[in-house]
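Trainee: First the structure, which I've put down as structure tokens, then a few questions once you've had a look.
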Amino acid sequence: MALVAPRALLAVRAARVIPRFGQALAWSVRSREIANFTYDTTRESQLLLGAVIAEISNRPIAEIVAYIDELNADKAIAEHVAGIAQTRDSRWNVDPGFKPGRRLAFYLLARALKPRRVVEAGVDKGLGGLLLSRALTLNRAEGHAGDYLGIELDPAKPIPLYEQWPEKIGHIIRGSSTEILRGQGAPIDLFIHDTIPEAGHMTDQLATVRSLMAPSGVIASTWTTPELIDHALQCNLKLLTHQEELADHWFPGDRIAFIYGYGIMGNSDKGVTSLDAHV
Ligand SMILES: C[S@@+](CC[C@H](N)C(=O)[O-])C[C@H]1O[C@@H](n2cnc3c(N)ncnc32)[C@H](O)[C@@H]1O
């Protein structure tokens, strides 16, 4: 019993409860966001993400770090976000500071893989679509053509960050991603799963998209759920993850998952039968 208080103190310190509480309070007052947060990640976190993307894309780490720095220094994107945040419709839900958060992963993949076809399921206000457009524009300037399709369930949701970007690439289709994907032809080179982490939806979407992926295609998912792990294991696909570390934000960050190796593994069902069977 005598150790309860010192142990509690130790845990509170180690879990950074008080700084987190302070960050949460400051954020409650300063931010306009209520969902789908934007935030900065630490330099260390960005470099570790870069190392994972270098592995997936088989590109040198120096090239990926250059893409990180390129986005961090992108004044046009930062000014666009700040401008949208001032408009009548967005001033209550878009923060003026450009903070890519997990969408840095989407951007790096689009720059490193030079995909011909990118599909993003779950678009919301369009920050991912904006960064993917930017990456595709830069790729095009380097001689690599690429297109973007965004899929958004909400028929009325404004998508200002993407729609009002003067150099936007591609278009948005409104509807359920799984249904719309069923009507799409192959191949998809980069698929972003950023809808919801609900189990049934995730299983259905991954199964649908699997037959559409190019042999060198990559899926990036905001969530590493048991269904996603199961899918990769069952289909004998490669799976890497990255846990974000945030700079000055209470949000714990996402554990982004990357699935790839569709061609290498022959996309066959030679993998283990179920995650549960191996736990
Ligand atoms: C996490 S947000 C997307 C964030 C966005 N990718 C970004 O970069 O900011 C999730 C979005 O997915 C949409 N959504 C949810 N279920 C969906 C579905 N089945 N098909 C398409 N969009 C869906 C939601 O309406 C919401 O706008």
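We name chains A, B, ... following the order of the structure tokens; residues begin at 1 in each chain, and ligands are numbered from 1 as shown.
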Throw together the list of residues within 6 Å of ligand 1, counting only C-alpha atoms and all ligand atoms, and drop it here as a list of chain:residue names.

Mentor: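 Selection of residues at most 6 Å from ligand 1: A:Asn36, A:Arg103, A:Ala121, A:Gly122, A:Val123, A:Asp124, A:Lys125, A:Gly126, A:Leu127, A:Gly128, A:Ile151, A:Glu152, A:Leu153, A:Asp154, A:Gly175, A:Ser176, A:Ser177, A:Asp194, A:Thr195, A:Ile196.
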
Trainee: List as number ranges by chain the protein and nucleic acid residues near Pro96 of chain A, meaning an atom at most 7 Å away when only C-alpha atoms are counted, but skip any in the same chain fewer than 4 places from it.

Mentor: A: 81-82, 85

Trainee: The selected residues should be written to file as a PDB file, in the first residue's frame (atoms: N, CA and C atoms).

Mentor:
ATOM      1  N   VAL A  81      -4.202  26.662 -47.613  1.00  0.00           N
ATOM      2  CA  VAL A  81      -4.921  26.210 -46.401  1.00  0.00           C
ATOM      3  C   VAL A  81      -5.335  27.427 -45.569  1.00  0.00           C
ATOM      4  N   ALA A  82      -4.414  28.370 -45.404  1.00  0.00           N
ATOM      5  CA  ALA A  82      -4.731  29.570 -44.614  1.00  0.00           C
ATOM      6  C   ALA A  82      -5.864  30.363 -45.263  1.00  0.00           C
ATOM      7  N   ALA A  85      -9.205  28.613 -44.746  1.00  0.00           N
ATOM      8  CA  ALA A  85      -9.629  28.741 -43.338  1.00  0.00           C
ATOM      9  C   ALA A  85     -10.296  30.094 -43.065  1.00  0.00           C
TER      10      ALA A  85
END

Trainee: Name all residues at most 7 Å from segment 15-26 of chain A (count only C-alpha atoms; drop same-chain ones fewer than 2 positions away) and give them as a PDB file with N, CA, C and O atoms, in the first residue's frame.

Mentor:
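Generated output (around.pdb):
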ATOM      1  N   ALA A  11       3.690   6.711 -12.865  1.00  0.00           N
ATOM      2  CA  ALA A  11       2.891   6.427 -14.067  1.00  0.00           C
ATOM      3  C   ALA A  11       2.376   7.719 -14.698  1.00  0.00           C
ATOM      4  O   ALA A  11       2.394   7.866 -15.926  1.00  0.00           O
ATOM      5  N   VAL A  12       1.924   8.671 -13.857  1.00  0.00           N
ATOM      6  CA  VAL A  12       1.408   9.947 -14.365  1.00  0.00           C
ATOM      7  C   VAL A  12       2.504  10.690 -15.113  1.00  0.00           C
ATOM      8  O   VAL A  12       2.285  11.253 -16.190  1.00  0.00           O
ATOM      9  N   ARG A  13       3.731  10.653 -14.549  1.00  0.00           N
ATOM     10  CA  ARG A  13       4.873  11.320 -15.208  1.00  0.00           C
ATOM     11  C   ARG A  13       5.213  10.623 -16.517  1.00  0.00           C
ATOM     12  O   ARG A  13       5.359  11.262 -17.559  1.00  0.00           O
ATOM     13  N   SER A  28      -8.337  22.892 -27.139  1.00  0.00           N
ATOM     14  CA  SER A  28      -9.791  23.113 -27.046  1.00  0.00           C
ATOM     15  C   SER A  28     -10.129  24.568 -27.332  1.00  0.00           C
ATOM     16  O   SER A  28     -11.157  24.874 -27.936  1.00  0.00           O
ATOM     17  N   VAL A  29      -9.239  25.465 -26.897  1.00  0.00           N
ATOM     18  CA  VAL A  29      -9.496  26.901 -27.074  1.00  0.00           C
ATOM     19  C   VAL A  29      -9.076  27.358 -28.474  1.00  0.00           C
ATOM     20  O   VAL A  29      -9.803  28.096 -29.137  1.00  0.00           O
ATOM     21  N   ARG A  30      -7.900  26.865 -28.934  1.00  0.00           N
ATOM     22  CA  ARG A  30      -7.311  27.411 -30.173  1.00  0.00           C
ATOM     23  C   ARG A  30      -7.839  26.766 -31.458  1.00  0.00           C
ATOM     24  O   ARG A  30      -7.989  27.441 -32.468  1.00  0.00           O
ATOM     25  N   ASP A 248       3.591  18.533 -29.913  1.00  0.00           N
ATOM     26  CA  ASP A 248       2.732  19.477 -29.211  1.00  0.00           C
ATOM     27  C   ASP A 248       1.238  19.307 -29.515  1.00  0.00           C
ATOM     28  O   ASP A 248       0.549  20.265 -29.880  1.00  0.00           O
ATOM     29  N   HIS A 249       0.754  18.090 -29.384  1.00  0.00           N
ATOM     30  CA  HIS A 249      -0.676  17.819 -29.597  1.00  0.00           C
ATOM     31  C   HIS A 249      -1.074  16.670 -28.676  1.00  0.00           C
ATOM     32  O   HIS A 249      -0.285  15.744 -28.481  1.00  0.00           O
ATOM     33  N   TRP A 250      -2.292  16.712 -28.167  1.00  0.00           N
ATOM     34  CA  TRP A 250      -2.744  15.652 -27.259  1.00  0.00           C
ATOM     35  C   TRP A 250      -3.071  14.350 -27.990  1.00  0.00           C
ATOM     36  O   TRP A 250      -3.065  13.264 -27.402  1.00  0.00           O
TER      37      TRP A 250
END

Trainee: Which residue out of A:Glu79, A:Glu227, A:Asp74, A:Asp189 has the minimum interatomic distance to Gly146 of chain A when only C-alpha atoms are used?

Mentor: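 Smallest distance to Gly146 of chain A is found for A:Asp189.
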
Trainee: Which residues in segment 178-220 of chain A does DSSP call helix (DSSP H, G or I)? List them as a ChimeraX atom specification.

Mentor: /A:178-182,199-210

Trainee: Write out as a list in words which residues come within 9 Å of Leu104 of chain A when counting only C-alpha atoms, dropping same-chain ones fewer than 6 positions away.

Mentor: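 Selected residues are Gln46, Leu49, Ile68, Leu71, Gly128 and Leu131 of chain A.
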
Trainee: Where in segment 59-159 of chain A does DSSP assign strand (DSSP E or B), given as number ranges by chain?

Mentor: A: 100, 117-121, 147-152

Trainee: Filtering to all heavy atoms, could you give me those residues as an mmCIF file, in the first residue's frame?

Mentor:
data_model
loop_
_atom_site.group_PDB
_atom_site.id
_atom_site.type_symbol
_atom_site.label_atom_id
_atom_site.label_comp_id
_atom_site.auth_asym_id
_atom_site.auth_seq_id
_atom_site.Cartn_x
_atom_site.Cartn_y
_atom_site.Cartn_z
ATOM 1 N N PRO A 100 0.171 18.663 -42.024
ATOM 2 C CA PRO A 100 -0.286 17.506 -42.803
ATOM 3 C C PRO A 100 -0.635 16.267 -41.992
ATOM 4 O O PRO A 100 -1.472 15.470 -42.412
ATOM 5 C CB PRO A 100 0.901 17.222 -43.731
ATOM 6 C CG PRO A 100 2.084 17.828 -43.081
ATOM 7 C CD PRO A 100 1.581 18.999 -42.299
ATOM 8 N N ARG A 117 -2.151 5.928 -61.188
ATOM 9 C CA ARG A 117 -3.538 6.056 -60.733
ATOM 10 C C ARG A 117 -3.595 5.972 -59.207
ATOM 11 O O ARG A 117 -3.203 4.965 -58.616
ATOM 12 C CB ARG A 117 -4.367 4.932 -61.354
ATOM 13 C CG ARG A 117 -5.838 5.092 -61.141
ATOM 14 C CD ARG A 117 -6.567 4.459 -62.326
ATOM 15 N NE ARG A 117 -7.960 4.269 -61.992
ATOM 16 C CZ ARG A 117 -8.509 3.069 -61.796
ATOM 17 N NH1 ARG A 117 -7.797 1.969 -61.914
ATOM 18 N NH2 ARG A 117 -9.778 2.984 -61.487
ATOM 19 N N VAL A 118 -4.116 7.060 -58.594
ATOM 20 C CA VAL A 118 -4.250 7.121 -57.131
ATOM 21 C C VAL A 118 -5.734 7.173 -56.796
ATOM 22 O O VAL A 118 -6.481 7.954 -57.387
ATOM 23 C CB VAL A 118 -3.577 8.400 -56.572
ATOM 24 C CG1 VAL A 118 -3.705 8.452 -55.058
ATOM 25 C CG2 VAL A 118 -2.124 8.482 -56.984
ATOM 26 N N VAL A 119 -6.175 6.347 -55.854
ATOM 27 C CA VAL A 119 -7.568 6.408 -55.384
ATOM 28 C C VAL A 119 -7.538 6.633 -53.872
ATOM 29 O O VAL A 119 -6.854 5.909 -53.144
ATOM 30 C CB VAL A 119 -8.332 5.102 -55.719
ATOM 31 C CG1 VAL A 119 -9.754 5.174 -55.175
ATOM 32 C CG2 VAL A 119 -8.361 4.860 -57.228
ATOM 33 N N GLU A 120 -8.284 7.653 -53.430
ATOM 34 C CA GLU A 120 -8.394 7.933 -51.998
ATOM 35 C C GLU A 120 -9.844 7.702 -51.577
ATOM 36 O O GLU A 120 -10.748 8.376 -52.074
ATOM 37 C CB GLU A 120 -8.003 9.389 -51.711
ATOM 38 C CG GLU A 120 -8.087 9.726 -50.228
ATOM 39 C CD GLU A 120 -7.847 11.202 -49.919
ATOM 40 O OE1 GLU A 120 -8.127 12.059 -50.791
ATOM 41 O OE2 GLU A 120 -7.393 11.504 -48.807
ATOM 42 N N ALA A 121 -10.067 6.750 -50.688
ATOM 43 C CA ALA A 121 -11.414 6.496 -50.161
ATOM 44 C C ALA A 121 -11.548 7.257 -48.850
ATOM 45 O O ALA A 121 -10.812 6.994 -47.902
ATOM 46 C CB ALA A 121 -11.609 5.001 -49.950
ATOM 47 N N ASP A 147 -3.018 10.213 -62.236
ATOM 48 C CA ASP A 147 -4.348 10.780 -62.034
ATOM 49 C C ASP A 147 -4.864 10.433 -60.630
ATOM 50 O O ASP A 147 -4.346 9.506 -59.987
ATOM 51 C CB ASP A 147 -5.305 10.227 -63.098
ATOM 52 C CG ASP A 147 -6.368 11.251 -63.459
ATOM 53 O OD1 ASP A 147 -6.543 12.235 -62.712
ATOM 54 O OD2 ASP A 147 -7.035 11.066 -64.495
ATOM 55 N N TYR A 148 -5.903 11.174 -60.187
ATOM 56 C CA TYR A 148 -6.445 11.017 -58.834
ATOM 57 C C TYR A 148 -7.956 10.841 -58.890
ATOM 58 O O TYR A 148 -8.648 11.540 -59.635
ATOM 59 C CB TYR A 148 -6.105 12.266 -58.011
ATOM 60 C CG TYR A 148 -6.869 12.403 -56.711
ATOM 61 C CD1 TYR A 148 -6.442 11.749 -55.548
ATOM 62 C CD2 TYR A 148 -8.018 13.189 -56.628
ATOM 63 C CE1 TYR A 148 -7.151 11.880 -54.356
ATOM 64 C CE2 TYR A 148 -8.723 13.325 -55.441
ATOM 65 C CZ TYR A 148 -8.281 12.669 -54.304
ATOM 66 O OH TYR A 148 -8.983 12.798 -53.124
ATOM 67 N N LEU A 149 -8.457 9.896 -58.083
ATOM 68 C CA LEU A 149 -9.900 9.769 -57.859
ATOM 69 C C LEU A 149 -10.131 9.761 -56.356
ATOM 70 O O LEU A 149 -9.544 8.947 -55.644
ATOM 71 C CB LEU A 149 -10.430 8.460 -58.468
ATOM 72 C CG LEU A 149 -11.850 8.069 -58.061
ATOM 73 C CD1 LEU A 149 -12.876 9.065 -58.618
ATOM 74 C CD2 LEU A 149 -12.191 6.662 -58.541
ATOM 75 N N GLY A 150 -10.998 10.663 -55.890
ATOM 76 C CA GLY A 150 -11.384 10.669 -54.483
ATOM 77 C C GLY A 150 -12.811 10.149 -54.367
ATOM 78 O O GLY A 150 -13.651 10.443 -55.219
ATOM 79 N N ILE A 151 -13.096 9.371 -53.310
ATOM 80 C CA ILE A 151 -14.450 8.843 -53.104
ATOM 81 C C ILE A 151 -14.936 9.300 -51.731
ATOM 82 O O ILE A 151 -14.276 9.032 -50.721
ATOM 83 C CB ILE A 151 -14.485 7.300 -53.187
ATOM 84 C CG1 ILE A 151 -13.825 6.821 -54.490
ATOM 85 C CG2 ILE A 151 -15.918 6.800 -53.095
ATOM 86 C CD1 ILE A 151 -13.665 5.307 -54.581
ATOM 87 N N GLU A 152 -16.058 9.998 -51.712
ATOM 88 C CA GLU A 152 -16.587 10.541 -50.459
ATOM 89 C C GLU A 152 -18.062 10.149 -50.306
ATOM 90 O O GLU A 152 -18.871 10.413 -51.191
ATOM 91 C CB GLU A 152 -16.415 12.073 -50.433
ATOM 92 C CG GLU A 152 -17.082 12.790 -49.288
ATOM 93 C CD GLU A 152 -16.722 12.240 -47.907
ATOM 94 O OE1 GLU A 152 -15.540 12.100 -47.578
ATOM 95 O OE2 GLU A 152 -17.675 11.924 -47.157
#

Trainee: Pick out the residues sitting within 12 Å of Leu47 of chain A, and hand them over as an MDAnalysis selection string; count only C-alpha atoms, and ignore anything fewer than 5 positions along from it in its own chain.

Mentor: chainID A and resid 41:42 52:54 61:69 104:105 108 242:245

Trainee: What's the 8 Å shell around Arg111 of chain A, counting only C-alpha atoms, without same-chain residues fewer than 4 positions away, as a list in words?

Mentor: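 Within the cut-off, the hits are Tyr67, Tyr107, Ala135, Leu136, Leu138 and Asn139 of chain A.
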
Trainee: Please determine, counting only C-alpha atoms, which residue among A:Gln205, A:Ser57, A:Ser216, A:Thr241 has the shortest atom-to-atom distance to Ile192 of chain A.

Mentor: A:Gln205

Trainee: A:Leu212, A:Leu246, A:Ala73, A:Ala145: which is nearest Asp40 of chain A, counting only C-alpha atoms?

Mentor: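 With only C-alpha atoms as the atom set, the closest residue is A:Leu246.
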
Trainee: With distances taken over only C-alpha atoms, which of A:Ile56, A:Leu109, A:Ile188, A:Leu48 is nearest to Leu239 of chain A?

Mentor: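 The answer is A:Ile56, which sits nearest to Leu239 of chain A.
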
Trainee: Identify which of the residues A:Thr208, A:Gly263, A:Ile180, A:Thr203 lies closest to His231 of chain A, counting only C-alpha atoms when measuring atom-to-atom distances.

Mentor: A:Thr203

Trainee: Excluding His80 of chain A and its own-chain neighbours fewer than 5 positions away, which residues fall within 9 Å of it when counting only C-alpha atoms? Please give them as a CSV table (one decimal) with all heavy atoms, in the first residue's frame.

Mentor:
chain,number,residue,atom,x,y,z
A,75,LYS,N,5.2,26.7,-49.6
A,75,LYS,CA,4.5,27.9,-49.2
A,75,LYS,C,3.1,28.0,-49.9
A,75,LYS,O,2.1,28.5,-49.3
A,75,LYS,CB,5.3,29.2,-49.6
A,75,LYS,CG,6.5,29.4,-48.7
A,75,LYS,CD,6.8,30.9,-48.7
A,75,LYS,CE,7.9,31.3,-47.8
A,75,LYS,NZ,9.2,31.0,-48.3
A,85,ALA,N,-9.2,28.6,-44.7
A,85,ALA,CA,-9.6,28.7,-43.3
A,85,ALA,C,-10.3,30.1,-43.1
A,85,ALA,O,-11.0,30.2,-42.1
A,85,ALA,CB,-8.4,28.5,-42.4
A,98,PHE,N,-1.0,25.0,-41.8
A,98,PHE,CA,-0.9,23.8,-42.6
A,98,PHE,C,-0.2,22.8,-41.8
A,98,PHE,O,1.0,22.9,-41.5
A,98,PHE,CB,-0.2,24.1,-43.9
A,98,PHE,CG,0.2,22.8,-44.6
A,98,PHE,CD1,-0.7,21.8,-44.9
A,98,PHE,CD2,1.5,22.6,-45.0
A,98,PHE,CE1,-0.4,20.7,-45.5
A,98,PHE,CE2,1.9,21.4,-45.7
A,98,PHE,CZ,1.0,20.5,-45.9
A,161,LEU,N,-10.6,22.3,-49.6
A,161,LEU,CA,-9.2,22.2,-49.7
A,161,LEU,C,-8.7,21.6,-51.0
A,161,LEU,O,-7.7,22.1,-51.6
A,161,LEU,CB,-8.5,21.5,-48.5
A,161,LEU,CG,-8.7,22.2,-47.2
A,161,LEU,CD1,-8.3,21.2,-46.0
A,161,LEU,CD2,-7.8,23.4,-47.1
A,164,GLN,N,-11.0,23.8,-54.3
A,164,GLN,CA,-10.6,25.1,-54.6
A,164,GLN,C,-9.1,25.3,-54.9
A,164,GLN,O,-8.7,26.5,-55.0
A,164,GLN,CB,-11.1,26.1,-53.5
A,164,GLN,CG,-12.6,26.1,-53.5
A,164,GLN,CD,-13.2,27.0,-52.3
A,164,GLN,OE1,-12.6,28.1,-52.0
A,164,GLN,NE2,-14.2,26.6,-51.7
A,165,TRP,N,-8.4,24.2,-55.0
A,165,TRP,CA,-7.0,24.3,-55.3
A,165,TRP,C,-6.9,24.5,-56.8
A,165,TRP,O,-7.4,23.6,-57.6
A,165,TRP,CB,-6.3,23.0,-54.9
A,165,TRP,CG,-4.9,22.9,-55.3
A,165,TRP,CD1,-4.3,21.9,-56.1
A,165,TRP,CD2,-3.7,23.7,-54.9
A,165,TRP,NE1,-3.0,22.0,-56.2
A,165,TRP,CE2,-2.6,23.1,-55.5
A,165,TRP,CE3,-3.6,24.8,-54.1
A,165,TRP,CZ2,-1.3,23.7,-55.3
A,165,TRP,CZ3,-2.4,25.4,-53.9
A,165,TRP,CH2,-1.2,24.8,-54.5

Trainee: One number please: atom CA of Thr225 of chain A to atom CA of Thr178 of chain A, in Å, one decimal.

Mentor: 17.6 Å

Trainee: With distances taken over only C-alpha atoms, which of A:Ala257, A:Ala35, A:Leu9, A:Met213 is nearest to Asp95 of chain A?

Mentor: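 Going through A:Ala257, A:Ala35, A:Leu9, A:Met213 one by one, the smallest distance to Asp95 of chain A is for A:Ala35.
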